[in-house]
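Asker: This is the structure, below, for whatever I ask next.
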Amino acid sequence: MADINDEKLNESVEELRREGLLCEGVKMDITDAQQIKETIRGIVETHGRLDGVVNNAGITSKVKFLESSSADFDKVINLNLRSVYLCCRAAAEVMVKQRSGAIVNIASVAARNGGGLMSTSLYAASKGGVISLTKGLARELAPYNVHVNSIAPGSIDTPMTTADRDPQEYQSTIQKMPLHRRGQPEELVGPAILLLSDAGSFMVGATLDVNGGSYMY
Ligand SMILES: NC(=O)c1ccc[n+]([C@@H]2O[C@H](COP(=O)([O-])OP(=O)(O)OC[C@H]3O[C@@H](n4cnc5c(N)ncnc54)[C@H](O)[C@@H]3O)[C@@H](O)[C@H]2O)c1
């Protein structure tokens, strides 16, 4: 597990260890190509191989397009899209050589609906880029038996969406959702395992929509 925030990282590592899982944490900034390379090198040195990567870290952006600056755009693209490029680039070096591996990139329902209720066009653009990058990499890496797919979650209860939450907006959002509730982080585990395991061995360049029916097309 890698995160820029040591405190959160250590809490998550400890939580998984308490459940009896083997887990290691490394402090890493997903915008720093050198740190990413060192993390991947460390994994391969310790474990001899790299089977799967989930590119999950990211930020939201609530700034409206007409109030936005190019710095706002660069920030969200850097954190949400360039970072996925960098992590895929470093992971693919190893996976292509070993002729196996699976990469799962976390996109968003925002990429499907233009930003919807909770976010904006800048965030939507970054996540649309994640879906397109996933498809392109999926084509280029499939001949090496490296599977690249993505997940587009809908509204999930995490610190990203619970911080500064307006209770009225929250109620009105969930009433519009077919299940009348938001998702829990655990509800993304099954789809991720599908894409990381042999259960998803014929899935290439797919985007799994895991949104409780909030967006169907
Ligand atoms: N929560 C939702 O409703 C929702 C919906 C759709 C997509 N997503 C996507 O799911 C992913 C996870 O989101 P979340 O809701 O858990 O957000 P979160 O803010 O709760 O967690 C994001 C994590 O990314 C880490 N991070 C931020 N910048 C980093 C950096 N430079 N380097 C390394 N780590 C960094 C943070 O420390 C944090 O632990 C994101 O890509 C997000 O866009 C979330």
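In the structure tokens, chains take the letters A, B, ... in the order shown, each chain's residues start at 1, and ligands count up from 1 in the order shown.
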List all protein, DNA and RNA residues that have at least one atom no more than 6 Å from any atom of ligand 1, counting only C-alpha atoms and all ligand atoms, and write them as an NGL selection string.

Answerer: :A and (3-5 or 28-31 or 56-60 or 106-109 or 153-161)

Asker: What's around segment 215-217 of chain A at 10 Å? Count only C-alpha atoms, leave out sequence neighbours fewer than 6 positions away in its own chain, and write the answer as a compact mmCIF listing (two decimals) with N, CA and C atoms, in the first residue's frame.

Answerer:
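File produced: out_23.txt:
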```txt
# COMPACT_ATOMS: atom_id res chain seq x y z
N VAL A 109 -17.60 7.79 -11.91
CA VAL A 109 -18.85 8.02 -12.64
C VAL A 109 -18.81 9.42 -13.28
N ALA A 110 -18.00 10.31 -12.69
CA ALA A 110 -17.88 11.68 -13.24
C ALA A 110 -17.40 11.65 -14.69
N ARG A 112 -18.30 9.53 -16.82
CA ARG A 112 -19.45 9.10 -17.62
C ARG A 112 -20.47 10.22 -17.79
N ASN A 113 -20.64 11.03 -16.71
CA ASN A 113 -21.76 11.99 -16.73
C ASN A 113 -21.31 13.45 -16.67
N GLY A 116 -21.49 15.42 -12.82
CA GLY A 116 -22.68 15.15 -12.01
C GLY A 116 -22.86 16.08 -10.84
N GLY A 154 -19.33 5.10 -8.29
CA GLY A 154 -20.27 6.20 -8.07
C GLY A 154 -19.95 6.83 -6.73
N MET A 177 -30.67 8.23 -5.83
CA MET A 177 -29.99 6.99 -6.20
C MET A 177 -30.94 5.80 -6.05
N PRO A 178 -30.95 4.86 -7.02
CA PRO A 178 -31.89 3.74 -6.97
C PRO A 178 -31.85 2.96 -5.65
N ASP A 209 -18.64 -0.20 -14.09
CA ASP A 209 -19.41 0.87 -13.44
C ASP A 209 -19.98 0.33 -12.14
```

Asker: Name the closest residue to Val63 of chain A among the candidates A:Gly115, A:Gly48, A:Gly200, A:Gly128; distances are taken between atoms, counting only C-alpha atoms.

Answerer: A:Gly115

Asker: To one decimal place, how far is atom CA of Ile193 of chain A from atom CA of Gly25 of chain A in Å?

Answerer: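 A separation of 19.6 Å between them.
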
Asker: Under the rule that only C-alpha atoms are counted, which of A:His147, A:Arg181, A:Lys97, A:Arg89 is the nearest residue to Met203 of chain A?

Answerer: A:His147

Asker: For a quick check of understanding, using only C-alpha atoms, which of A:Ser61, A:Asn145, A:Thr162, A:Thr173 has the smallest distance to Ala125 of chain A?

Answerer: A:Ser61

Asker: Rank nothing, just name the residue among A:Asn149, A:Lys37, A:Glu169, A:Ala91 nearest to Leu208 of chain A, using only C-alpha atoms.

Answerer: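 Closest residue, counting only C-alpha atoms: A:Asn149.
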
Asker: If you run DSSP on the backbone here, which positions in segment 40-158 of chain A get strand (DSSP E)? Please write them as a PyMOL selection string.

Answerer: chain A and resi 52-55+101-106+146-153

Asker: Of the candidates A:Asp198, A:Asp164, A:Val26, A:Cys88, which one gets nearest to Gly42 of chain A if we count only C-alpha atoms?

Answerer: A:Val26

Asker: What is the atom CA of Cys87 of chain A-atom CA of Thr134 of chain A distance in Å, reported with one decimal?

Answerer: 12.0 Å

Asker: Using only C-alpha atoms, pick whichever of A:Arg139, A:Arg182, A:Arg165, A:Arg41 has the shortest atom-to-atom distance to Gly205 of chain A.

Answerer: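 Answer, going by the shortest atom-to-atom distance: A:Arg139.
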
Asker: Just the number, please: distance in Å from atom CA of Tyr170 of chain A to atom CA of Ala152 of chain A, one decimal.

Answerer: 20.2 Å
